[in-house]
Every structure is written in C-alpha cells, then in structure tokens.
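Data block for target.cif (mmCIF, C-alpha atoms):
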```
data_protein
#
loop_
_atom_site.label_atom_id
_atom_site.label_comp_id
_atom_site.auth_asym_id
_atom_site.auth_seq_id
_atom_site.Cartn_x
_atom_site.Cartn_y
_atom_site.Cartn_z
CA MET A 1 28.13 1.09 29.31
CA LYS A 2 26.91 -0.27 25.98
CA PHE A 3 23.70 -2.28 25.92
CA HIS A 4 23.71 -3.14 22.23
CA LEU A 5 26.23 -3.71 19.47
CA GLN A 6 26.13 -0.94 16.90
CA PHE A 7 27.81 -1.46 13.55
CA PRO A 8 28.53 0.96 10.70
CA ILE A 9 26.18 0.97 7.72
CA THR A 10 27.73 1.80 4.38
CA PRO A 11 26.12 5.00 3.08
CA PHE A 12 24.40 4.81 -0.27
CA LEU A 13 26.56 6.08 -3.13
CA LYS A 14 23.58 7.98 -4.53
CA LYS A 15 21.46 9.47 -1.77
CA ILE A 16 17.68 9.73 -1.98
CA HIS A 17 16.18 13.19 -2.44
CA TYR A 18 12.64 14.44 -1.84
CA SER A 19 12.06 14.73 -5.57
CA ASP A 20 12.67 10.99 -6.04
CA LYS A 21 9.93 8.42 -6.57
CA LEU A 22 10.11 5.28 -4.44
CA LEU A 23 8.47 1.91 -5.12
CA PHE A 24 8.26 -0.61 -2.25
CA ILE A 25 7.52 -4.29 -2.86
CA GLY A 26 7.66 -7.38 -0.66
CA GLY A 27 7.26 -8.29 2.99
CA CYS A 28 6.15 -6.35 6.04
CA PHE A 29 9.36 -4.34 6.22
CA ALA A 30 8.79 -2.91 2.74
CA ASP A 31 5.32 -1.96 3.88
CA ASN A 32 6.55 -0.37 7.11
CA ILE A 33 9.43 1.67 5.72
CA GLY A 34 7.26 2.73 2.79
CA LYS A 35 4.59 4.07 5.16
CA PHE A 36 7.31 5.75 7.24
CA LEU A 37 8.58 7.68 4.22
CA THR A 38 5.04 8.42 3.04
CA LEU A 39 4.39 10.02 6.42
CA TYR A 40 7.29 12.35 5.69
CA LYS A 41 5.89 13.34 2.30
CA TYR A 42 7.98 11.21 -0.02
CA LYS A 43 6.41 10.14 -3.32
CA THR A 44 5.83 6.45 -2.78
CA LEU A 45 3.94 3.47 -4.14
CA ILE A 46 3.69 0.56 -1.72
CA ASN A 47 2.99 -3.07 -2.59
CA PRO A 48 0.62 -2.80 -5.58
CA ASN A 49 -0.09 -6.54 -5.16
CA GLY A 50 -0.28 -6.32 -1.38
CA ILE A 51 2.31 -7.79 0.98
CA SER A 52 4.25 -10.68 -0.55
CA TYR A 53 6.98 -12.78 1.04
CA ASN A 54 8.80 -15.11 -1.34
CA PRO A 55 11.23 -13.86 -4.02
CA ILE A 56 9.56 -15.74 -6.86
CA SER A 57 6.12 -14.18 -6.33
CA ILE A 58 7.72 -10.76 -5.88
CA ALA A 59 9.55 -11.15 -9.20
CA ILE A 60 6.35 -12.25 -10.96
CA SER A 61 4.54 -9.15 -9.70
CA ILE A 62 7.32 -6.81 -10.86
CA LYS A 63 7.37 -8.45 -14.31
CA GLY A 64 3.62 -7.86 -14.42
CA TYR A 65 4.17 -4.15 -13.75
CA ILE A 66 6.81 -3.93 -16.48
CA LYS A 67 4.51 -5.53 -19.07
CA ASN A 68 1.27 -4.05 -17.68
CA SER A 69 -0.06 -7.62 -17.55
CA LEU A 70 -3.67 -7.16 -16.48
CA VAL A 71 -5.51 -10.02 -14.76
CA SER A 72 -8.46 -11.66 -16.50
CA VAL A 73 -11.68 -12.81 -14.85
CA ASN A 74 -10.69 -16.44 -15.47
CA GLU A 75 -7.63 -16.03 -13.25
CA LEU A 76 -9.76 -15.31 -10.17
CA PHE A 77 -11.16 -18.05 -7.95
CA LEU A 78 -14.01 -18.18 -5.44
CA PHE A 79 -13.32 -19.25 -1.86
CA ASN A 80 -15.17 -18.44 1.38
CA GLU A 81 -17.63 -16.25 -0.55
CA CYS A 82 -14.91 -13.96 -1.90
CA TRP A 83 -13.04 -13.75 -5.19
CA HIS A 84 -9.25 -14.00 -4.94
CA SER A 85 -6.08 -13.88 -7.00
CA TRP A 86 -3.18 -16.20 -6.19
CA GLU A 87 -0.80 -13.31 -6.91
CA HIS A 88 -2.49 -10.81 -4.58
CA HIS A 89 -3.02 -10.20 -0.89
CA SER A 90 -6.47 -10.72 0.62
CA THR A 91 -6.95 -6.94 0.78
CA PHE A 92 -7.76 -7.28 -2.94
CA SER A 93 -10.48 -9.89 -2.29
CA PHE A 94 -14.18 -8.99 -2.40
CA GLN A 95 -17.51 -10.76 -2.73
CA ASP A 96 -18.04 -8.98 -6.04
CA LYS A 97 -15.85 -10.42 -8.81
CA ILE A 98 -15.69 -7.19 -10.84
CA GLN A 99 -14.72 -5.16 -7.77
CA THR A 100 -11.85 -7.56 -7.15
CA LEU A 101 -10.77 -7.44 -10.78
CA ASN A 102 -10.94 -3.64 -10.99
CA LYS A 103 -8.89 -3.07 -7.85
CA ILE A 104 -6.21 -5.52 -9.01
CA ASN A 105 -5.94 -4.08 -12.53
CA ASN A 106 -6.06 -0.45 -11.39
CA GLU A 107 -3.04 -1.10 -9.15
CA ILE A 108 -1.17 -2.93 -11.92
CA SER A 109 -1.73 -0.03 -14.32
CA LEU A 110 -0.62 2.47 -11.68
CA ALA A 111 2.52 0.43 -10.94
CA HIS A 112 3.25 0.12 -14.68
CA LYS A 113 3.35 3.91 -15.03
CA PHE A 114 5.19 4.42 -11.74
CA ILE A 115 8.00 1.93 -12.35
CA LYS A 116 9.00 3.58 -15.64
CA THR A 117 9.84 6.85 -13.86
CA ALA A 118 10.73 5.61 -10.36
CA ASN A 119 14.18 6.38 -8.98
CA TYR A 120 14.35 3.59 -6.41
CA LEU A 121 12.81 0.13 -6.10
CA PHE A 122 12.88 -1.43 -2.62
CA ILE A 123 12.51 -5.22 -2.54
CA THR A 124 12.10 -7.02 0.78
CA PHE A 125 12.46 -10.80 0.84
CA GLY A 126 10.61 -12.50 3.68
CA SER A 127 10.88 -16.26 3.18
CA ALA A 128 12.56 -18.70 0.82
CA TYR A 129 9.63 -21.09 1.20
CA VAL A 130 6.99 -21.13 -1.52
CA TYR A 131 3.66 -22.91 -1.73
CA LYS A 132 2.68 -24.66 -4.96
CA HIS A 133 -0.99 -25.15 -5.70
CA LYS A 134 -1.41 -28.81 -6.64
CA ASP A 135 -4.26 -28.44 -9.14
CA SER A 136 -2.79 -25.54 -11.10
CA SER A 137 0.93 -26.27 -10.46
CA LYS A 138 1.20 -22.56 -9.69
CA ARG A 139 3.45 -21.07 -7.04
CA VAL A 140 1.24 -18.69 -5.13
CA ALA A 141 1.93 -15.40 -3.38
CA ASN A 142 -0.97 -15.87 -0.97
CA CYS A 143 -2.84 -19.05 0.00
CA HIS A 144 -5.93 -17.13 1.21
CA LYS A 145 -6.45 -19.75 3.95
CA VAL A 146 -7.24 -22.42 1.38
CA PRO A 147 -6.66 -25.82 3.13
CA SER A 148 -2.95 -26.69 3.32
CA ASN A 149 -3.47 -30.11 1.74
CA GLU A 150 -4.08 -28.33 -1.57
CA PHE A 151 -0.44 -27.15 -1.65
CA THR A 152 3.06 -28.54 -1.59
CA LYS A 153 5.76 -26.61 0.24
CA GLU A 154 9.11 -25.97 -1.45
CA LEU A 155 12.37 -24.35 -0.39
CA ILE A 156 13.75 -22.41 -3.33
CA SER A 157 17.50 -22.37 -3.95
CA VAL A 158 20.02 -19.55 -4.03
CA GLU A 159 20.67 -20.39 -7.69
CA GLU A 160 17.02 -20.00 -8.70
CA ILE A 161 16.69 -16.66 -6.90
CA VAL A 162 19.89 -15.29 -8.46
CA VAL A 163 18.90 -16.35 -11.99
CA THR A 164 15.37 -14.97 -11.54
CA TYR A 165 16.62 -11.57 -10.39
CA THR A 166 19.44 -11.38 -12.92
CA ASN A 167 16.79 -11.64 -15.62
CA LEU A 168 14.47 -9.25 -13.78
CA LEU A 169 17.12 -6.55 -13.31
CA ASN A 170 17.98 -6.79 -16.99
CA ASP A 171 14.28 -6.34 -17.85
CA LEU A 172 14.06 -3.33 -15.53
CA LYS A 173 17.00 -1.64 -17.25
CA LEU A 174 15.12 -1.78 -20.53
CA VAL A 175 12.19 0.24 -19.14
CA ASN A 176 14.08 2.41 -16.64
CA ASN A 177 17.85 2.51 -16.93
CA ASN A 178 18.16 4.95 -14.01
CA LEU A 179 16.37 2.73 -11.49
CA ILE A 180 18.34 1.77 -8.36
CA VAL A 181 17.23 -1.43 -6.65
CA ILE A 182 17.63 -1.71 -2.88
CA PHE A 183 17.29 -5.19 -1.39
CA THR A 184 16.45 -5.95 2.22
CA VAL A 185 15.72 -9.16 4.10
CA SER A 186 12.79 -8.95 6.49
CA PRO A 187 13.71 -9.23 10.19
CA VAL A 188 10.32 -10.86 10.83
CA ARG A 189 10.90 -14.52 11.74
CA TYR A 190 8.51 -16.99 10.14
CA ILE A 191 8.41 -19.45 13.01
CA ARG A 192 5.37 -21.19 11.54
CA ASP A 193 7.96 -22.80 9.28
CA GLY A 194 9.98 -23.81 12.36
CA VAL A 195 12.86 -21.98 14.04
CA VAL A 196 15.58 -24.04 12.33
CA GLU A 197 13.73 -23.82 9.01
CA ASN A 198 13.36 -20.05 9.36
CA ASN A 199 17.10 -19.65 9.85
CA LEU A 200 17.78 -21.80 6.79
CA SER A 201 15.33 -19.68 4.80
CA LYS A 202 16.92 -16.40 5.90
CA ALA A 203 20.39 -17.74 5.10
CA ILE A 204 19.29 -18.52 1.53
CA LEU A 205 17.78 -15.04 1.14
CA ILE A 206 20.84 -13.25 2.50
CA GLN A 207 23.24 -15.22 0.33
CA SER A 208 21.06 -14.62 -2.73
CA VAL A 209 20.83 -10.87 -2.16
CA HIS A 210 24.59 -10.50 -1.84
CA LYS A 211 25.22 -12.51 -5.01
CA ILE A 212 22.73 -10.31 -6.88
CA LYS A 213 24.27 -7.14 -5.46
CA GLU A 214 27.79 -8.17 -6.43
CA ALA A 215 26.72 -8.80 -10.04
CA HIS A 216 24.74 -5.58 -10.62
CA THR A 217 26.01 -2.03 -10.20
CA ASN A 218 22.47 -0.67 -9.80
CA ALA A 219 21.69 -2.99 -6.85
CA CYS A 220 22.54 -2.45 -3.19
CA TYR A 221 21.66 -3.87 0.23
CA PHE A 222 20.30 -2.29 3.40
CA PRO A 223 20.87 -4.43 6.54
CA ALA A 224 17.42 -4.27 8.15
CA TYR A 225 17.72 -7.93 9.19
CA GLU A 226 21.10 -7.40 10.84
CA LEU A 227 19.90 -4.31 12.72
CA LEU A 228 17.28 -6.42 14.50
CA MET A 229 19.34 -9.59 14.90
CA ASP A 230 22.72 -8.11 15.82
CA ASP A 231 22.25 -4.48 16.89
CA LEU A 232 19.03 -4.46 18.94
CA ARG A 233 19.06 -8.22 19.65
CA ASP A 234 16.53 -8.20 22.47
CA TYR A 235 12.92 -9.35 22.81
CA ARG A 236 11.94 -5.96 24.24
CA PHE A 237 12.10 -4.75 20.63
CA TYR A 238 9.43 -7.22 19.52
CA LYS A 239 5.68 -7.28 19.78
CA GLU A 240 3.94 -9.72 22.11
CA ASP A 241 4.12 -12.47 19.47
CA MET A 242 7.94 -12.32 19.79
CA VAL A 243 8.12 -12.38 16.00
CA HIS A 244 7.29 -8.91 14.64
CA PRO A 245 9.44 -5.86 15.50
CA ASN A 246 7.59 -3.32 17.66
CA ASP A 247 7.23 0.40 16.93
CA THR A 248 10.46 1.28 18.77
CA ALA A 249 12.45 -1.17 16.68
CA LEU A 250 10.85 -0.02 13.42
CA LYS A 251 11.60 3.62 14.22
CA TYR A 252 15.22 2.72 15.03
CA VAL A 253 15.66 0.86 11.74
CA CYS A 254 13.94 3.63 9.78
CA ASP A 255 16.18 6.26 11.38
CA LYS A 256 19.23 4.18 10.46
CA PHE A 257 17.89 4.03 6.93
CA LEU A 258 17.53 7.82 6.82
CA GLU A 259 21.15 8.25 7.92
CA ALA A 260 22.47 5.89 5.25
CA ALA A 261 20.16 6.61 2.34
CA ILE A 262 18.75 10.15 2.49
CA ASP A 263 20.70 13.24 1.41
CA GLU A 264 21.51 15.97 3.92
CA GLN A 265 18.89 18.44 2.72
CA SER A 266 16.17 15.80 2.87
CA GLN A 267 17.27 14.72 6.36
CA GLU A 268 16.83 18.31 7.56
CA LEU A 269 13.41 18.42 5.95
CA VAL A 270 12.43 15.13 7.63
CA GLY A 271 13.37 16.73 10.96
CA ALA A 272 11.19 19.78 10.22
CA ILE A 273 8.20 17.65 9.19
CA ARG A 274 8.67 15.44 12.26
CA GLU A 275 8.40 18.57 14.43
CA ILE A 276 5.19 19.50 12.63
CA LYS A 277 3.76 16.00 13.12
CA ASP A 278 4.61 16.21 16.82
CA ALA A 279 2.94 19.63 17.02
CA ILE A 280 -0.24 18.21 15.48
CA GLN A 281 -0.31 15.58 18.25
CA HIS A 282 -0.07 18.31 20.91
CA LYS A 283 -3.22 18.50 23.05
CA PRO A 284 -3.61 21.99 24.57
CA PHE A 285 -5.47 22.49 27.85
CA ASN A 286 -7.04 25.67 26.50
CA THR A 287 -7.30 26.61 22.80
CA ASN A 288 -8.42 30.18 23.54
CA THR A 289 -5.10 31.49 24.84
CA VAL A 290 -2.66 33.88 23.17
CA ALA A 291 0.08 31.30 23.63
CA TYR A 292 -1.84 28.67 21.66
CA GLU A 293 -2.61 31.17 18.90
CA LYS A 294 1.13 31.90 18.60
CA PHE A 295 1.79 28.14 18.54
CA ARG A 296 -0.65 27.68 15.66
CA THR A 297 0.68 30.67 13.72
CA PHE A 298 4.30 29.57 14.13
CA ASN A 299 3.61 26.05 12.85
CA CYS A 300 1.36 27.26 10.05
CA GLU A 301 4.13 29.53 8.78
CA LYS A 302 6.61 26.66 9.04
CA CYS A 303 4.31 24.53 6.86
CA LYS A 304 3.97 27.34 4.30
CA THR A 305 7.75 27.77 4.17
CA ILE A 306 8.22 24.07 3.45
CA GLN A 307 5.47 24.19 0.81
CA ALA A 308 7.12 27.19 -0.85
CA SER A 309 10.56 25.54 -0.86
CA PHE A 310 9.30 22.21 -2.20
CA SER A 311 6.45 22.99 -4.56
CA GLU A 312 5.68 19.33 -5.30
CA MET A 313 5.11 18.59 -1.62
CA ASP A 314 1.51 18.84 -0.42
CA MET A 315 1.29 20.49 3.01
CA SER A 316 -2.35 21.57 2.60
CA ASN A 317 -3.70 19.31 5.39
CA GLU A 318 -1.11 20.56 7.86
CA ILE A 319 -1.67 24.19 6.89
CA ALA A 320 -5.44 23.73 7.31
CA PHE A 321 -4.92 22.16 10.74
CA PHE A 322 -2.99 25.15 12.07
CA SER A 323 -5.05 27.84 10.28
#
```

Output the file's structure as structure tokens, nothing else.
Amino acid sequence: MKFHLQFPITPFLKKIHYSDKLLFIGGCFADNIGKFLTLYKYKTLINPNGISYNPISIAISIKGYIKNSLVSVNELFLFNECWHSWEHHSTFSFQDKIQTLNKINNEISLAHKFIKTANYLFITFGSAYVYKHKDSSKRVANCHKVPSNEFTKELISVEEIVVTYTNLLNDLKLVNNNLIVIFTVSPVRYIRDGVVENNLSKAILIQSVHKIKEAHTNACYFPAYELLMDDLRDYRFYKEDMVHPNDTALKYVCDKFLEAAIDEQSQELVGAIREIKDAIQHKPFNTNTVAYEKFRTFNCEKCKTIQASFSEMDMSNEIAFFS
C-alpha cells in the first residue's frame, strides 16, 4: 500500500561532481541543502548575506558579488544597540560598527572570488512579498525587527522577477560563462502573510522560475516545493510550528536531490562518507577491546583511502578521530 505520491524528477543534464564548487543563496532551503552537502565534503559557500527570502533582495546580493560592491559605513544603521545592514541577516549585526562592516565586506569579497569560478549557483525563492522602508524608499532583505509601521508591504509581479533575473543571468555569463543556475522554491510556508496570501506568493514564484528556466539554457529547476506539498504531504513531516520541514523531510528532499543532481561516482562517495559519519556517532560500551580497535582501524583506513582518491577533500578530522 502506498502512503505518499511519488513522482519522477528529471535528472540534471550535467551532474554535479565532487570537484565542483557550489554557491547557495536564498531562503532556508538553500541554507539546509548547502549544509547537507558541506557535511559530505562538497566545496560550498552558503548565503554570504545570510538567509534572504524575496527574489529582488537575492538578485541585489548576487549583483553585489559580481561587482564586489563593498558596503560603506554610511549604509549601516543603529537599532536596538546593534549596527545593521538592510541587505544582510541579523547574524551580521554587532554592537561594534567596524565589526559589522568587516564581516559584511569580508563575505562579499569571498563571494566575489567564489562566483567567478563556481560551477553551480543555487537560488531559493521564499516569498514574493517585499518590505519597502518608507524613509529610504529601499526594499529590504531583512527588517531587523524595526517597527512594521516604518515599512510598506508589496507583492512583486512575475514580470518584474523575470526581467530582474534575465538581466542577472546575462551579467553572470559575463563573469562565469560555465555557471549553471539551479532554482528552487522554498517549501516553508510564510503563514505570517496569511494562508491565502502565502499560496498566491508561491504561485508567483513558481511561475517566475519556470519562465526564467524556459528562456535560459543554463538554468534549471529542482522541485523541493513539490516534494513537500505533493509527495510527503503530511504534517508529520513538519516541525511543531507546522510550517518548517522537520529533519526527516529535509533528509528525504536532500536524498532526492542527490539522485537527480549528483553523478554516480559522487553518489558512491556520499554513501561512504555517510558510513563514516555514522561510525563517528557510534558510542562503544568499552573502548579497550580488540573489536573496537579493529573498528577504529577499519574506519581510519577507509578515510585515508578516500583522502588518497580525492586529494582536494580534507578528511583530517575524521582520520584524527579514528587514529
């Protein structure tokens, strides 16, 4: 008996290999799948501006990486005893202005170098709603809990998203013609906007992504949203807030991603590293036995074999653990 509706996912035409560099930008899903692949030793850079939800702010951040547009002191603002940037997540906010500025600009410079040689750019759209700061007339990526009466809320159109990303993808080709852009729509529901409003927002994002994909040969789509909404489709796959996918759901989506996007050799390597990660979590009753010594030696040699086969992969922590 089937308890969920599985659907086929079109495999990527060009599969991801361990030697590839992966840049993740956008909502929580970009953050989660980026951390998942980082755990399995992929070369990743995740959200250099911090988590961002709306397509306009995401595009602004990517343009900043292309141009290496560093932030000036005058662009920061003080609120609740911390200095903030409208374009950055609160993880970049500190009481010291220079500390805030340095962390922001260090990440921009890192992203500028990374994007020029990256193989894949993952963009996750979260919401089609944007908040416009009344005083500055600036659409912000993060409100930093500034009172809501200082903003106006807007629903951006499919047309604006498509035009914005048509220009952005053309700009990206100029700095990295080999870059493949993978779009996803976050399965996280933004019910603070309202249930009906959230569905309208997601519909705009999905339509926009498919129009972008159809117009650009270097763009593709991974159905993370559909895997939660149509495949799993059950609240047991959500956290207690009934909004965010739980660990089981995230692992399921990530495994589906591996099947569709990762080449066969890399999938085998993911399996080997997963076994090593599981072995690290093993808690022996007695560490002074011959059996445990064999266990450590076996896994240490497995780590060394992987390290020897993939010289760019760093297995030093795992080797040290089992040594």

Quick one: apply the PyMOL selection byres ((chain A and resi 234) around 12) to the file and drop the selected residues here as a ChimeraX atom specification.
-> /A:3-5,227-233,235-239,242-243,245-246,248-249

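Counting only C-alpha atoms, the residue from A:Thr184, A:Ser137, A:Ser201, A:Asn119 that sits nearest to Val158 in chain A is A:Ser201.
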
Selected by the PyMOL selection byres ((chain A and resi 302) around 12) in the shown coordinates: which residues, as JSON, numbers by chain?
-> {"A": [269, 272, 273, 274, 275, 276, 277, 279, 295, 296, 297, 298, 299, 300, 301, 303, 304, 305, 306, 307, 308, 309, 315, 318, 319, 322, 323]}

Identify all residues satisfying the PyMOL selection byres ((chain A and resi 153) around 8) in the given file; provide them as a PDB file with C-alpha atoms, in the frame of the given file.
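Saved as part-v9.pdb:
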```
ATOM      1  CA  TYR A 129       9.630 -21.090   1.200  1.00  0.00           C
ATOM      2  CA  VAL A 130       6.990 -21.130  -1.520  1.00  0.00           C
ATOM      3  CA  TYR A 131       3.660 -22.910  -1.730  1.00  0.00           C
ATOM      4  CA  LYS A 132       2.680 -24.660  -4.960  1.00  0.00           C
ATOM      5  CA  PHE A 151      -0.440 -27.150  -1.650  1.00  0.00           C
ATOM      6  CA  THR A 152       3.060 -28.540  -1.590  1.00  0.00           C
ATOM      7  CA  GLU A 154       9.110 -25.970  -1.450  1.00  0.00           C
ATOM      8  CA  LEU A 155      12.370 -24.350  -0.390  1.00  0.00           C
TER       9      LEU A 155
END
```

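You will find CA of Val73 in chain A at 16.2 Å from CA of Ser109 in chain A.
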
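Atom to atom, CA of Ala215 in chain A and CA of Thr166 in chain A stand 8.2 Å apart.
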
Within-12 Å shell of (24.5, 18.0, 0.9) in input frame, all atoms listed in the file, as a PyMOL selection string | chain A and resi 14-17+262-268

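Between CA of Leu13 in chain A and CA of Lys173 in chain A the interatomic distance comes to 18.7 Å.
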
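Closest approach to Ile212 in chain A from the set A:Asn199, A:Asn288, A:Thr164, A:Ser52 is made by A:Thr164, with distances taken over all atoms listed in the file.
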
Select all residues near (8.7, 1.8, -11.6) (cut-off 8 Å, inclusive, file coordinates), counting only C-alpha atoms, and output them as a PyMOL selection string.
-> chain A and resi 23+65-66+111-121+176+179

When distances are computed from only C-alpha atoms, which of A:Phe7, A:Phe122, A:Phe222, A:Trp86 shows the smallest separation from Ile46 in chain A?
-> A:Phe122

Using all atoms listed in the file, the shortest atom-to-atom distance to Asn142 in chain A among A:Ile58, A:Ile191, A:Leu200, A:Leu110 belongs to A:Ile58

Polymer residues at most 12 Å from Ala128 in chain A, only C-alpha atoms, same-chain spacing of 2 or more positions, as a VMD selection string = chain A and resid 27 52 to 58 124 to 126 130 to 131 141 153 to 161 185 to 186 189 to 190 193 197 to 209

Phe36 in chain A environment, 10 Å, all atoms listed in the file, sequence neighbours closer than 4 positions dropped, as number ranges by chain = A: 30-32, 40-42, 250-251, 254-255

Excluding Cys143 in chain A and residues on its chain fewer than 4 positions from it, collect all residues at most 10 Å away from it, counting only C-alpha atoms, and give them as a PyMOL selection string.
-> chain A and resi 84-90+131-133+139+147-148+150-151

Could you add N, CA and C atoms to range 5-28 of chain A and give me the result as a short mmCIF file (atom, residue, chain, number, x, y, z; two decimals), in the coordinates of the input?
```
data_model
loop_
_atom_site.label_atom_id
_atom_site.label_comp_id
_atom_site.auth_asym_id
_atom_site.auth_seq_id
_atom_site.Cartn_x
_atom_site.Cartn_y
_atom_site.Cartn_z
N LEU A 5 25.08 -3.76 20.35
CA LEU A 5 26.23 -3.71 19.47
C LEU A 5 25.87 -2.94 18.21
N GLN A 6 26.37 -1.72 18.11
CA GLN A 6 26.13 -0.94 16.90
C GLN A 6 27.21 -1.23 15.87
N PHE A 7 26.84 -1.22 14.61
CA PHE A 7 27.81 -1.46 13.55
C PHE A 7 27.60 -0.42 12.46
N PRO A 8 28.67 -0.07 11.74
CA PRO A 8 28.53 0.96 10.70
C PRO A 8 27.76 0.44 9.50
N ILE A 9 26.93 1.29 8.93
CA ILE A 9 26.18 0.97 7.72
C ILE A 9 26.76 1.79 6.58
N THR A 10 27.13 1.12 5.53
CA THR A 10 27.73 1.80 4.38
C THR A 10 26.72 2.77 3.76
N PRO A 11 27.05 4.04 3.69
CA PRO A 11 26.12 5.00 3.08
C PRO A 11 25.89 4.70 1.61
N PHE A 12 24.71 5.00 1.13
CA PHE A 12 24.40 4.81 -0.27
C PHE A 12 25.27 5.75 -1.12
N LEU A 13 25.74 5.25 -2.25
CA LEU A 13 26.56 6.08 -3.13
C LEU A 13 25.74 7.23 -3.70
N LYS A 14 24.48 6.94 -4.05
CA LYS A 14 23.58 7.98 -4.53
C LYS A 14 22.45 8.13 -3.53
N LYS A 15 22.43 9.26 -2.83
CA LYS A 15 21.46 9.47 -1.77
C LYS A 15 20.08 9.83 -2.34
N ILE A 16 19.06 9.48 -1.59
CA ILE A 16 17.68 9.73 -1.98
C ILE A 16 17.30 11.17 -1.65
N HIS A 17 16.64 11.81 -2.61
CA HIS A 17 16.18 13.19 -2.44
C HIS A 17 14.65 13.22 -2.44
N TYR A 18 14.10 14.32 -1.92
CA TYR A 18 12.64 14.44 -1.84
C TYR A 18 11.95 14.39 -3.21
N SER A 19 12.67 14.74 -4.23
CA SER A 19 12.06 14.73 -5.57
C SER A 19 11.99 13.32 -6.15
N ASP A 20 12.63 12.34 -5.51
CA ASP A 20 12.67 10.99 -6.04
C ASP A 20 11.35 10.24 -5.81
N LYS A 21 11.11 9.28 -6.68
CA LYS A 21 9.93 8.42 -6.57
C LYS A 21 10.37 7.03 -6.11
N LEU A 22 9.68 6.50 -5.11
CA LEU A 22 10.11 5.28 -4.44
C LEU A 22 9.02 4.21 -4.52
N LEU A 23 9.39 3.04 -5.02
CA LEU A 23 8.47 1.91 -5.12
C LEU A 23 8.90 0.83 -4.14
N PHE A 24 7.97 0.39 -3.28
CA PHE A 24 8.26 -0.61 -2.25
C PHE A 24 7.47 -1.88 -2.54
N ILE A 25 8.17 -3.01 -2.56
CA ILE A 25 7.52 -4.29 -2.86
C ILE A 25 8.08 -5.38 -1.95
N GLY A 26 7.19 -6.23 -1.43
CA GLY A 26 7.66 -7.38 -0.66
C GLY A 26 6.98 -7.53 0.68
N GLY A 27 7.78 -7.94 1.67
CA GLY A 27 7.26 -8.29 2.99
C GLY A 27 6.89 -7.09 3.84
N CYS A 28 6.63 -7.37 5.10
CA CYS A 28 6.15 -6.35 6.04
C CYS A 28 7.10 -5.17 6.17
#
```
